[in-house]
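*Asks:* Handing you this structure, nothing more for now.
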Amino acid sequence: MKATAFAPVNVALIKYWGKSDEKLRLPMNSSLSVNLTKMGTVTTVEWKKALKQDVVSGTDPGRVVEHLNRIRQLAKIDLRARVETKNNFPESVGLSSSASSFAALTLAATAAAGLKLEEKELSRLARLGSGSACRSIPDGWVEWQKGRSDETSYAKSIFTKDHWDLRVLVVLLSQKEKKVSSTDGQVVAETSAFFKERINGIDKKIKQIKQEIKQKNFTAMGEIMEEECLNMHAIMLTGKPSLIYWLPETVRVMQAVREWREQGLESYFTINTGQNVFVFCLPKDEEELVRRLDKIEGVIEVKREKIGKGAKLFA
Ligand code: PMV
């Protein structure tokens with residue numbers, strides 16, 4: 001009763017921010033993301049008769065045990081598990097570690113329990129662990145339709161990873177841990193005076209960006225993605241309490257990307273709950289952008305990524 005799974009980090013172009021149901025982690029809006037190829041989490045789960053309690057590690061063991069409870073219930077087993085998990089990137093700095101962690105945990109724990117769930121069921125279950133985790137299950141370009149209930153809120157692939165060869169540069173800045181987690185930040189989203197406005201406009205934005213992705217219009221897609229990142233951060237900045245996830249070096253990267261764009265070197269940024277920046281570009285500009293990003297004060301590392309598959313089990 002042992003299985004190992006890998007799940008990728010996913011980067012949202014249209015963000016999930018705010019829930020309509022806290023417990024079920026139902027989102028206020030649909031969202032859209034891409035999986036990365038290399039950055040992610042590898043998790044091994046073993047259900048064992050000899051264990052008296054679950055053996056888990058990491059930053060939030062209570063949440064992992066809660067997720068194991070869901071899987072125990074589903075598989076109708078009364079066993080405890082040993083969970084070993086490894087992220088190949090820094091945690092709690094805005095790189096969406098909870099997404100890849102809960103997606104990998106969902107796949108490994110259900111497989112180890114003998115459950116053979118379909119993608120939709122895996123995505124739903126991952127969502128209960130961490131909302132954005134539902135998007136790390138399917139391949140490539142992924143849409144999470146908000147749905148109205150536990151059954152109808154899950155993510156689906158809308159284009160394969162090979163549909164469009166875009167590059168994602170993951171710009172790692174200070175490794176300082178953020179003070180407010182996404183889960184806590186989301187709770188106050190609705191206190192922003194701009195939140196309603198954001199929600200009202202988001203379906204139209206998703207429709208538009210899907211069209212641009214389909215037609216591979218990089219400029220139009222990038223403009224929507226960047227505006228959307230700032231739109232979400234505007235909610236964070238203007239909530240009660242107000243949340244500022246950026247560091248000075250975050251803003252430095254944002255400004256540089258815009259300056260280079262004016263000079264004809266095209267790329268667009270997006271940022272989650274943290275200081276690090278994801279820069280999207282075309283393959284032809286990757287080399288030059290990495291060279292320039294590396295030189296910015298405060299940049300620790302630039303990881304080169306492509307668009308990748310969803311979660312998978314190791315044989
Ligand atoms: O799944 P959570 O609770 O970690 O929230 C993720 C929130 C963002 O990363 C900021 C946006 C997103 O859609 O990934």
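Order determines the names: the first chain of the structure tokens is A, the second B, and so forth; residues in each chain are numbered 1 upward, and ligands are numbered 1 upward as they are shown.
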Give me, as a list in words, the residues of stretch 82-163 of chain A that a backbone DSSP run labels strand (DSSP E or B).
*Replies:* Arg82, Val83, Glu84, Thr85, Lys86, Asn87, Trp141, Val142, Glu143, Trp144, Gln145, Tyr154, Ala155, Lys156, Ser157, Ile158 and Phe159 of chain A
*Asks:* Store the residues of this selection in a file with all heavy atoms, as a short mmCIF file (atom, residue, chain, number, x, y, z; two decimals), in the first residue's frame.
*Replies:*
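This went into selection_14.cif:
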```
data_model
loop_
_atom_site.label_atom_id
_atom_site.label_comp_id
_atom_site.auth_asym_id
_atom_site.auth_seq_id
_atom_site.Cartn_x
_atom_site.Cartn_y
_atom_site.Cartn_z
N ARG A 82 2.44 6.95 6.44
CA ARG A 82 3.71 7.68 6.51
C ARG A 82 3.81 8.48 5.21
O ARG A 82 3.67 7.93 4.12
CB ARG A 82 4.87 6.68 6.62
CG ARG A 82 6.25 7.35 6.58
CD ARG A 82 7.36 6.31 6.62
NE ARG A 82 7.30 5.51 7.84
CZ ARG A 82 7.79 5.90 9.02
NH1 ARG A 82 8.39 7.07 9.11
NH2 ARG A 82 7.70 5.13 10.07
N VAL A 83 4.00 9.78 5.35
CA VAL A 83 4.06 10.65 4.16
C VAL A 83 5.43 11.30 4.08
O VAL A 83 5.86 11.98 5.02
CB VAL A 83 2.98 11.76 4.25
CG1 VAL A 83 3.05 12.69 3.04
CG2 VAL A 83 1.58 11.16 4.37
N GLU A 84 6.10 11.07 2.96
CA GLU A 84 7.38 11.75 2.75
C GLU A 84 7.23 12.67 1.56
O GLU A 84 6.77 12.26 0.49
CB GLU A 84 8.47 10.72 2.45
CG GLU A 84 9.16 10.25 3.71
CD GLU A 84 9.94 8.98 3.49
OE1 GLU A 84 10.51 8.82 2.39
OE2 GLU A 84 9.92 8.14 4.41
N THR A 85 7.61 13.92 1.76
CA THR A 85 7.37 14.87 0.69
C THR A 85 8.56 15.77 0.46
O THR A 85 9.25 16.15 1.41
CB THR A 85 6.06 15.65 0.99
OG1 THR A 85 5.69 16.38 -0.14
CG2 THR A 85 6.19 16.59 2.17
N LYS A 86 8.83 16.05 -0.81
CA LYS A 86 10.00 16.87 -1.14
C LYS A 86 9.66 17.85 -2.26
O LYS A 86 9.24 17.44 -3.34
CB LYS A 86 11.14 15.94 -1.58
CG LYS A 86 12.48 16.54 -1.29
CD LYS A 86 13.60 15.52 -1.35
CE LYS A 86 14.98 16.19 -1.26
NZ LYS A 86 15.10 17.30 -0.34
N ASN A 87 9.83 19.12 -1.95
CA ASN A 87 9.67 20.16 -2.98
C ASN A 87 11.05 20.44 -3.55
O ASN A 87 12.00 20.58 -2.77
CB ASN A 87 9.16 21.46 -2.36
CG ASN A 87 7.71 21.36 -1.94
OD1 ASN A 87 6.95 20.59 -2.49
ND2 ASN A 87 7.33 22.15 -0.96
N TRP A 141 -2.27 23.52 -20.23
CA TRP A 141 -3.05 24.73 -19.93
C TRP A 141 -4.34 24.27 -19.27
O TRP A 141 -5.05 23.42 -19.83
CB TRP A 141 -3.39 25.49 -21.20
CG TRP A 141 -2.21 26.00 -21.96
CD1 TRP A 141 -1.41 25.27 -22.78
CD2 TRP A 141 -1.69 27.34 -21.97
NE1 TRP A 141 -0.42 26.08 -23.31
CE2 TRP A 141 -0.58 27.35 -22.82
CE3 TRP A 141 -2.07 28.53 -21.32
CZ2 TRP A 141 0.17 28.50 -23.07
CZ3 TRP A 141 -1.32 29.68 -21.57
CH2 TRP A 141 -0.22 29.65 -22.43
N VAL A 142 -4.65 24.83 -18.13
CA VAL A 142 -5.72 24.27 -17.31
C VAL A 142 -6.72 25.35 -16.89
O VAL A 142 -6.32 26.46 -16.51
CB VAL A 142 -5.11 23.60 -16.05
CG1 VAL A 142 -6.19 23.15 -15.08
CG2 VAL A 142 -4.22 22.42 -16.44
N GLU A 143 -7.99 25.01 -16.95
CA GLU A 143 -9.01 25.92 -16.43
C GLU A 143 -9.74 25.27 -15.26
O GLU A 143 -10.16 24.12 -15.35
CB GLU A 143 -10.03 26.28 -17.53
CG GLU A 143 -11.05 27.29 -17.03
CD GLU A 143 -12.07 27.71 -18.10
OE1 GLU A 143 -12.05 27.13 -19.21
OE2 GLU A 143 -12.88 28.60 -17.79
N TRP A 144 -9.85 26.01 -14.19
CA TRP A 144 -10.65 25.55 -13.04
C TRP A 144 -11.97 26.29 -13.09
O TRP A 144 -12.00 27.49 -12.87
CB TRP A 144 -9.89 25.86 -11.75
CG TRP A 144 -10.63 25.63 -10.45
CD1 TRP A 144 -11.80 24.97 -10.27
CD2 TRP A 144 -10.23 26.09 -9.15
NE1 TRP A 144 -12.15 24.98 -8.94
CE2 TRP A 144 -11.21 25.65 -8.24
CE3 TRP A 144 -9.13 26.82 -8.68
CZ2 TRP A 144 -11.14 25.94 -6.88
CZ3 TRP A 144 -9.05 27.09 -7.33
CH2 TRP A 144 -10.04 26.65 -6.44
N GLN A 145 -13.00 25.56 -13.45
CA GLN A 145 -14.33 26.19 -13.46
C GLN A 145 -14.88 26.19 -12.06
O GLN A 145 -14.89 25.14 -11.40
CB GLN A 145 -15.23 25.46 -14.43
CG GLN A 145 -14.81 25.80 -15.84
CD GLN A 145 -15.84 25.46 -16.88
OE1 GLN A 145 -16.73 24.66 -16.63
NE2 GLN A 145 -15.71 26.05 -18.05
N TYR A 154 -13.93 21.78 -10.32
CA TYR A 154 -12.69 21.04 -10.58
C TYR A 154 -12.01 21.62 -11.83
O TYR A 154 -12.61 22.43 -12.54
CB TYR A 154 -12.96 19.55 -10.74
CG TYR A 154 -13.93 19.22 -11.85
CD1 TYR A 154 -13.48 18.91 -13.13
CD2 TYR A 154 -15.31 19.25 -11.62
CE1 TYR A 154 -14.37 18.63 -14.14
CE2 TYR A 154 -16.20 18.96 -12.64
CZ TYR A 154 -15.73 18.66 -13.90
OH TYR A 154 -16.61 18.39 -14.91
N ALA A 155 -10.78 21.18 -12.06
CA ALA A 155 -10.01 21.74 -13.18
C ALA A 155 -9.91 20.75 -14.35
O ALA A 155 -9.92 19.54 -14.15
CB ALA A 155 -8.62 22.12 -12.70
N LYS A 156 -9.79 21.33 -15.56
CA LYS A 156 -9.71 20.52 -16.78
C LYS A 156 -8.63 21.11 -17.69
O LYS A 156 -8.44 22.33 -17.70
CB LYS A 156 -11.03 20.64 -17.55
CG LYS A 156 -12.05 19.61 -17.21
CD LYS A 156 -13.07 19.48 -18.33
CE LYS A 156 -14.09 20.58 -18.30
NZ LYS A 156 -15.41 20.28 -18.76
N SER A 157 -8.01 20.25 -18.47
CA SER A 157 -7.03 20.73 -19.44
C SER A 157 -7.78 21.40 -20.60
O SER A 157 -8.73 20.83 -21.13
CB SER A 157 -6.22 19.54 -19.94
OG SER A 157 -5.29 19.98 -20.88
N ILE A 158 -7.35 22.61 -21.01
CA ILE A 158 -8.00 23.25 -22.16
C ILE A 158 -7.12 23.22 -23.41
O ILE A 158 -7.62 23.27 -24.52
CB ILE A 158 -8.48 24.70 -21.85
CG1 ILE A 158 -7.36 25.53 -21.21
CG2 ILE A 158 -9.72 24.68 -20.96
CD1 ILE A 158 -7.68 27.01 -21.12
N PHE A 159 -5.80 23.17 -23.21
CA PHE A 159 -4.86 22.96 -24.31
C PHE A 159 -3.73 22.07 -23.77
O PHE A 159 -3.39 22.15 -22.59
CB PHE A 159 -4.23 24.29 -24.79
CG PHE A 159 -5.24 25.28 -25.31
CD1 PHE A 159 -5.61 26.37 -24.54
CD2 PHE A 159 -5.83 25.12 -26.56
CE1 PHE A 159 -6.56 27.29 -24.99
CE2 PHE A 159 -6.77 26.03 -27.02
CZ PHE A 159 -7.14 27.12 -26.24
#
```
*Asks:* Write out, as a Markdown table, each residue of chain A that has an atom at most 7 Å from ligand 1, together with the closest pair of atoms and their distance in Å to one decimal, counting only C-alpha atoms and all ligand atoms, rows going by chain and rising number.
*Replies:*
```
| residue | atom | partner | partner_atom_place_in_ligand_line | distance |
| --- | --- | --- | --- | --- |
| A:Val11 | CA | ligand 1 | 14 (O) | 6.1 |
| A:Ala12 | CA | ligand 1 | 13 (O) | 4.9 |
| A:Ile14 | CA | ligand 1 | 13 (O) | 6.6 |
| A:Lys15 | CA | ligand 1 | 13 (O) | 3.7 |
| A:Tyr16 | CA | ligand 1 | 13 (O) | 3.6 |
| A:Trp17 | CA | ligand 1 | 7 (C) | 5.8 |
| A:Ser31 | CA | ligand 1 | 13 (O) | 6.3 |
| A:Ser96 | CA | ligand 1 | 9 (O) | 5.7 |
| A:Ser98 | CA | ligand 1 | 4 (O) | 5.5 |
| A:Ala99 | CA | ligand 1 | 1 (O) | 5.8 |
| A:Ser130 | CA | ligand 1 | 1 (O) | 4.6 |
| A:Gly131 | CA | ligand 1 | 1 (O) | 3.9 |
| A:Ser132 | CA | ligand 1 | 1 (O) | 3.7 |
| A:Ala133 | CA | ligand 1 | 1 (O) | 6.1 |
| A:Ser182 | CA | ligand 1 | 3 (O) | 4.7 |
| A:Thr183 | CA | ligand 1 | 3 (O) | 4.6 |
| A:Asn272 | CA | ligand 1 | 10 (C) | 4.1 |
| A:Thr273 | CA | ligand 1 | 10 (C) | 4.8 |
```
*Asks:* Just write the chosen residues, all heavy atoms, as a tab-separated table (two decimals), in the first residue's frame.
*Replies:*
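The resulting file, selection_25.tsv, is shown below:
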```
chain	number	residue	atom	x	y	z
A	11	VAL	N	1.18	27.90	-12.48
A	11	VAL	CA	1.21	29.36	-12.40
A	11	VAL	C	-0.09	29.88	-13.02
A	11	VAL	O	-0.39	29.60	-14.19
A	11	VAL	CB	2.39	29.95	-13.20
A	11	VAL	CG1	2.44	31.47	-13.03
A	11	VAL	CG2	3.70	29.32	-12.77
A	12	ALA	N	-0.86	30.64	-12.24
A	12	ALA	CA	-2.13	31.14	-12.74
A	12	ALA	C	-1.94	32.41	-13.57
A	12	ALA	O	-1.24	33.33	-13.15
A	12	ALA	CB	-3.08	31.41	-11.58
A	14	ILE	N	-4.90	33.72	-14.84
A	14	ILE	CA	-6.08	34.33	-14.21
A	14	ILE	C	-6.17	33.71	-12.82
A	14	ILE	O	-6.26	32.49	-12.69
A	14	ILE	CB	-7.37	34.04	-15.01
A	14	ILE	CG1	-7.23	34.48	-16.47
A	14	ILE	CG2	-8.59	34.69	-14.33
A	14	ILE	CD1	-7.14	35.96	-16.72
A	15	LYS	N	-6.12	34.55	-11.81
A	15	LYS	CA	-5.92	34.07	-10.44
A	15	LYS	C	-7.20	33.66	-9.72
A	15	LYS	O	-8.27	34.19	-10.00
A	15	LYS	CB	-5.27	35.18	-9.60
A	15	LYS	CG	-4.03	35.80	-10.20
A	15	LYS	CD	-2.85	34.86	-10.18
A	15	LYS	CE	-1.57	35.59	-10.55
A	15	LYS	NZ	-0.45	34.65	-10.70
A	16	TYR	N	-6.99	32.79	-8.77
A	16	TYR	CA	-8.03	32.39	-7.81
A	16	TYR	C	-7.79	33.21	-6.56
A	16	TYR	O	-6.73	33.10	-5.95
A	16	TYR	CB	-7.87	30.90	-7.57
A	16	TYR	CG	-8.21	30.36	-6.20
A	16	TYR	CD1	-9.45	30.59	-5.61
A	16	TYR	CD2	-7.28	29.57	-5.51
A	16	TYR	CE1	-9.75	30.06	-4.36
A	16	TYR	CE2	-7.57	29.04	-4.26
A	16	TYR	CZ	-8.81	29.29	-3.68
A	16	TYR	OH	-9.10	28.77	-2.45
A	17	TRP	N	-8.72	34.06	-6.20
A	17	TRP	CA	-8.53	34.86	-4.98
A	17	TRP	C	-9.88	35.15	-4.35
A	17	TRP	O	-10.64	35.98	-4.84
A	17	TRP	CB	-7.76	36.16	-5.29
A	17	TRP	CG	-7.19	36.77	-4.05
A	17	TRP	CD1	-7.53	37.96	-3.49
A	17	TRP	CD2	-6.18	36.21	-3.20
A	17	TRP	NE1	-6.81	38.16	-2.33
A	17	TRP	CE2	-5.97	37.09	-2.13
A	17	TRP	CE3	-5.43	35.02	-3.22
A	17	TRP	CZ2	-5.06	36.85	-1.11
A	17	TRP	CZ3	-4.52	34.77	-2.20
A	17	TRP	CH2	-4.34	35.68	-1.18
A	31	SER	N	-10.53	30.17	-12.74
A	31	SER	CA	-9.15	30.62	-12.94
A	31	SER	C	-8.48	29.77	-14.02
A	31	SER	O	-9.03	28.75	-14.43
A	31	SER	CB	-8.38	30.57	-11.61
A	31	SER	OG	-8.46	29.28	-11.04
A	96	SER	N	3.68	28.82	-4.92
A	96	SER	CA	2.56	27.88	-4.97
A	96	SER	C	2.95	26.48	-4.52
A	96	SER	O	2.63	25.50	-5.19
A	96	SER	CB	2.02	27.82	-6.39
A	96	SER	OG	0.73	28.31	-6.41
A	98	SER	N	1.78	24.92	-1.98
A	98	SER	CA	0.63	24.16	-1.51
A	98	SER	C	-0.08	23.48	-2.69
A	98	SER	O	-0.64	22.40	-2.54
A	98	SER	CB	-0.34	25.03	-0.72
A	98	SER	OG	-0.90	26.01	-1.53
A	99	ALA	N	-0.04	24.09	-3.85
A	99	ALA	CA	-0.70	23.50	-5.02
A	99	ALA	C	-0.04	22.18	-5.40
A	99	ALA	O	-0.71	21.13	-5.48
A	99	ALA	CB	-0.69	24.46	-6.20
A	130	SER	N	-6.03	22.19	-1.00
A	130	SER	CA	-5.65	23.58	-1.28
A	130	SER	C	-6.27	23.93	-2.62
A	130	SER	O	-6.06	23.18	-3.59
A	130	SER	CB	-4.13	23.70	-1.35
A	130	SER	OG	-3.77	25.03	-1.59
A	131	GLY	N	-7.01	25.01	-2.69
A	131	GLY	CA	-7.77	25.33	-3.89
A	131	GLY	C	-6.98	25.15	-5.17
A	131	GLY	O	-7.34	24.35	-6.06
A	132	SER	N	-5.86	25.85	-5.28
A	132	SER	CA	-5.12	25.85	-6.54
A	132	SER	C	-4.51	24.49	-6.86
A	132	SER	O	-4.07	24.25	-7.98
A	132	SER	CB	-4.04	26.93	-6.52
A	132	SER	OG	-3.21	26.75	-5.40
A	133	ALA	N	-4.49	23.56	-5.90
A	133	ALA	CA	-3.96	22.22	-6.16
A	133	ALA	C	-4.77	21.48	-7.22
A	133	ALA	O	-4.23	20.63	-7.94
A	133	ALA	CB	-3.95	21.41	-4.86
A	182	SER	N	-1.67	32.19	1.77
A	182	SER	CA	-2.77	32.41	0.81
A	182	SER	C	-4.10	32.14	1.47
A	182	SER	O	-5.07	32.87	1.29
A	182	SER	CB	-2.64	31.47	-0.39
A	182	SER	OG	-1.46	31.70	-1.06
A	183	THR	N	-4.15	31.05	2.25
A	183	THR	CA	-5.41	30.68	2.90
A	183	THR	C	-5.93	31.84	3.75
A	183	THR	O	-7.10	32.21	3.67
A	183	THR	CB	-5.21	29.42	3.78
A	183	THR	OG1	-4.75	28.38	2.93
A	183	THR	CG2	-6.50	28.99	4.44
A	272	ASN	N	2.33	35.65	-7.42
A	272	ASN	CA	1.32	35.08	-6.51
A	272	ASN	C	1.43	35.74	-5.14
A	272	ASN	O	1.80	36.89	-5.03
A	272	ASN	CB	1.50	33.57	-6.42
A	272	ASN	CG	1.06	32.88	-7.70
A	272	ASN	OD1	0.34	33.46	-8.51
A	272	ASN	ND2	1.49	31.67	-7.89
A	273	THR	N	1.15	34.96	-4.09
A	273	THR	CA	1.27	35.53	-2.75
A	273	THR	C	2.70	35.37	-2.27
A	273	THR	O	3.03	34.43	-1.55
A	273	THR	CB	0.33	34.79	-1.77
A	273	THR	OG1	0.47	33.40	-2.01
A	273	THR	CG2	-1.09	35.22	-1.94
```
*Asks:* Which residue is closest to A:Leu32? Choose from A:Arg258, A:Ala234, A:Ala5, A:Gln208 and count only C-alpha atoms.
*Replies:*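 Result for the nearest residue to A:Leu32: A:Gln208.
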*Asks:* What's the separation between atom CA of A:Ala126 and atom CA of A:Trp47, in Å to one decimal place?
*Replies:*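 About the pair atom CA of A:Ala126 and atom CA of A:Trp47: they are 18.6 Å apart.
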*Asks:* Can you list, as a short mmCIF file (atom, residue, chain, number, x, y, z; two decimals) with N, CA, C and O atoms, in the first residue's frame, every protein, DNA or RNA residue that comes within 6 Å of stretch 308-313 of chain A when you count only C-alpha atoms, leaving out same-chain residues fewer than 4 positions away?
*Replies:*
```
data_model
loop_
_atom_site.label_atom_id
_atom_site.label_comp_id
_atom_site.auth_asym_id
_atom_site.auth_seq_id
_atom_site.Cartn_x
_atom_site.Cartn_y
_atom_site.Cartn_z
N THR A 4 4.15 6.62 -5.04
CA THR A 4 4.87 7.89 -5.14
C THR A 4 4.34 8.67 -6.34
O THR A 4 4.13 8.10 -7.41
N ALA A 5 4.13 9.96 -6.13
CA ALA A 5 3.62 10.80 -7.23
C ALA A 5 4.40 12.10 -7.33
O ALA A 5 4.96 12.59 -6.34
N PHE A 6 4.42 12.64 -8.54
CA PHE A 6 4.97 13.99 -8.77
C PHE A 6 3.83 14.89 -9.21
O PHE A 6 2.98 14.49 -10.01
N ALA A 7 3.79 16.10 -8.67
CA ALA A 7 2.85 17.10 -9.18
C ALA A 7 3.61 18.41 -9.41
O ALA A 7 4.47 18.79 -8.60
N ASN A 35 0.94 24.44 -16.08
CA ASN A 35 1.86 23.66 -15.24
C ASN A 35 3.27 23.91 -15.69
O ASN A 35 3.52 24.14 -16.88
N LEU A 36 4.22 23.83 -14.77
CA LEU A 36 5.63 23.90 -15.14
C LEU A 36 6.17 22.47 -15.31
O LEU A 36 5.54 21.51 -14.86
N THR A 37 7.33 22.35 -15.97
CA THR A 37 7.84 20.99 -16.24
C THR A 37 8.65 20.42 -15.08
O THR A 37 8.51 19.24 -14.75
N SER A 136 -3.12 21.47 -10.57
CA SER A 136 -1.87 20.75 -10.82
C SER A 136 -2.11 19.30 -11.20
O SER A 136 -1.17 18.54 -11.39
N ILE A 137 -3.37 18.90 -11.32
CA ILE A 137 -3.68 17.51 -11.70
C ILE A 137 -3.72 17.35 -13.24
O ILE A 137 -2.99 16.51 -13.78
N PRO A 138 -4.52 18.14 -13.99
CA PRO A 138 -4.56 17.94 -15.45
C PRO A 138 -3.32 18.49 -16.17
O PRO A 138 -2.56 19.26 -15.59
N ASP A 139 -3.16 18.12 -17.44
CA ASP A 139 -1.98 18.51 -18.24
C ASP A 139 -2.05 19.93 -18.80
O ASP A 139 -3.13 20.42 -19.12
N GLY A 140 -0.90 20.51 -19.00
CA GLY A 140 -0.74 21.71 -19.83
C GLY A 140 -1.43 22.96 -19.35
O GLY A 140 -1.22 23.43 -18.23
N LYS A 161 0.17 20.65 -23.35
CA LYS A 161 1.42 21.37 -23.08
C LYS A 161 2.13 21.75 -24.38
O LYS A 161 2.90 22.71 -24.42
#
```
*Asks:* Counting only C-alpha atoms, which residue out of A:Glu119, A:Asp165, A:Asp203, A:Glu262 sits closest to A:Lys146?
*Replies:* A:Asp203
*Asks:* Near A:Gly239, counting only C-alpha atoms, which residues have an atom at most 6 Å away, once you skip same-chain residues fewer than 3 positions from it, shown as a list of chain:residue names?
*Replies:*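 In the requested format, the answer is A:Thr191, A:Ser192, A:Met236, A:Ser242.
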*Asks:* Need the shell around A:Val253: protein/DNA/RNA residues with any atom at most 9 Å away, counting only C-alpha atoms. Skip same-chain ones fewer than 6 positions apart. Format as a PyMOL selection string?
*Replies:* chain A and resi 171+269+277+293+296+299
*Asks:* Could you take the residues named above and write them with N, CA, C and O atoms, as a compact mmCIF listing (two decimals), in the first residue's frame?
*Replies:*
```txt
# COMPACT_ATOMS: atom_id res chain seq x y z
N VAL A 171 11.75 33.87 -11.36
CA VAL A 171 12.77 34.76 -10.81
C VAL A 171 12.72 34.68 -9.29
O VAL A 171 11.78 35.18 -8.65
N PHE A 269 4.90 39.80 -16.70
CA PHE A 269 5.09 39.18 -15.38
C PHE A 269 3.77 38.79 -14.73
O PHE A 269 2.71 39.34 -15.05
N VAL A 277 8.80 36.40 -8.86
CA VAL A 277 8.09 36.83 -10.08
C VAL A 277 8.20 35.75 -11.16
O VAL A 277 9.26 35.14 -11.33
N LEU A 293 17.83 39.49 -16.43
CA LEU A 293 17.21 39.29 -15.10
C LEU A 293 18.28 38.95 -14.06
O LEU A 293 18.23 39.43 -12.92
N ILE A 296 19.86 41.90 -12.22
CA ILE A 296 19.09 42.80 -11.36
C ILE A 296 19.46 42.56 -9.90
O ILE A 296 19.56 41.41 -9.45
N VAL A 299 18.25 39.57 -7.32
CA VAL A 299 17.85 38.32 -7.97
C VAL A 299 18.83 37.22 -7.57
O VAL A 299 20.04 37.34 -7.78
```
*Asks:* With a distance cut-off of 8 Å and only C-alpha atoms, select the neighbouring residues of A:Thr250, excluding the residue or stretch itself and same-chain residues fewer than 3 positions from it, and output the selection as a ChimeraX atom specification.
*Replies:* /A:173,246-247,253-254,275-277
*Asks:* Show which residues sit within 6 Å of stretch 281-284 of chain A, as a PyMOL selection string. Count only C-alpha atoms, and ignore same-chain residues fewer than 5 positions away.
*Replies:* chain A and resi 166-167+267
*Asks:* Looking only at alpha helix (DSSP H) from DSSP on the backbone, list the matching residues of stretch 93-192 of chain A as a ChimeraX atom specification.
*Replies:* /A:97-112,119-129,182-187
*Asks:* For the residues selected in the previous step, produce a file with C-alpha atoms as a PDB file, in the first residue's frame.
*Replies:*
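The resulting file, selection-v2.pdb, is reproduced below:
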```
ATOM      1  CA  SER A  97       4.033  25.038  -2.939  1.00  0.00           C
ATOM      2  CA  SER A  98       0.629  24.158  -1.515  1.00  0.00           C
ATOM      3  CA  ALA A  99      -0.705  23.496  -5.023  1.00  0.00           C
ATOM      4  CA  SER A 100       1.938  20.958  -6.023  1.00  0.00           C
ATOM      5  CA  SER A 101       2.065  19.481  -2.499  1.00  0.00           C
ATOM      6  CA  PHE A 102      -1.644  18.754  -2.224  1.00  0.00           C
ATOM      7  CA  ALA A 103      -1.877  17.507  -5.805  1.00  0.00           C
ATOM      8  CA  ALA A 104       1.003  15.059  -5.241  1.00  0.00           C
ATOM      9  CA  LEU A 105      -0.414  13.992  -1.870  1.00  0.00           C
ATOM     10  CA  THR A 106      -3.852  13.374  -3.387  1.00  0.00           C
ATOM     11  CA  LEU A 107      -2.514  11.208  -6.185  1.00  0.00           C
ATOM     12  CA  ALA A 108      -0.038   9.228  -4.053  1.00  0.00           C
ATOM     13  CA  ALA A 109      -2.396   8.673  -1.115  1.00  0.00           C
ATOM     14  CA  THR A 110      -5.367   7.562  -3.225  1.00  0.00           C
ATOM     15  CA  ALA A 111      -3.232   5.247  -5.371  1.00  0.00           C
ATOM     16  CA  ALA A 112      -1.588   3.726  -2.297  1.00  0.00           C
ATOM     17  CA  GLU A 119      -8.842  12.992 -13.275  1.00  0.00           C
ATOM     18  CA  LYS A 120     -11.964  14.931 -12.358  1.00  0.00           C
ATOM     19  CA  GLU A 121     -12.259  13.180  -8.988  1.00  0.00           C
ATOM     20  CA  LEU A 122      -8.572  13.693  -8.254  1.00  0.00           C
ATOM     21  CA  SER A 123      -8.871  17.370  -9.097  1.00  0.00           C
ATOM     22  CA  ARG A 124     -11.910  17.794  -6.829  1.00  0.00           C
ATOM     23  CA  LEU A 125     -10.194  16.022  -3.981  1.00  0.00           C
ATOM     24  CA  ALA A 126      -6.968  18.033  -4.395  1.00  0.00           C
ATOM     25  CA  ARG A 127      -9.089  21.215  -4.255  1.00  0.00           C
ATOM     26  CA  LEU A 128     -10.239  20.312  -0.749  1.00  0.00           C
ATOM     27  CA  GLY A 129      -6.593  20.290   0.372  1.00  0.00           C
ATOM     28  CA  SER A 182      -2.766  32.409   0.807  1.00  0.00           C
ATOM     29  CA  THR A 183      -5.412  30.682   2.901  1.00  0.00           C
ATOM     30  CA  ASP A 184      -5.487  33.565   5.404  1.00  0.00           C
ATOM     31  CA  GLY A 185      -5.143  36.234   2.729  1.00  0.00           C
ATOM     32  CA  GLN A 186      -8.102  34.880   0.792  1.00  0.00           C
ATOM     33  CA  VAL A 187     -10.380  35.269   3.789  1.00  0.00           C
TER      34      VAL A 187
END
```
*Asks:* Work out how far apart atom CA of A:Leu13 and atom CA of A:Ile224 are and give it in Å to one decimal.
*Replies:* 8.2 Å
*Asks:* Rounded to one decimal in Å, what is the spacing between atom CA of A:Gly40 and atom CA of A:Lys76?
*Replies:*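 Separating atom CA of A:Gly40 from atom CA of A:Lys76 is a distance of 29.2 Å.
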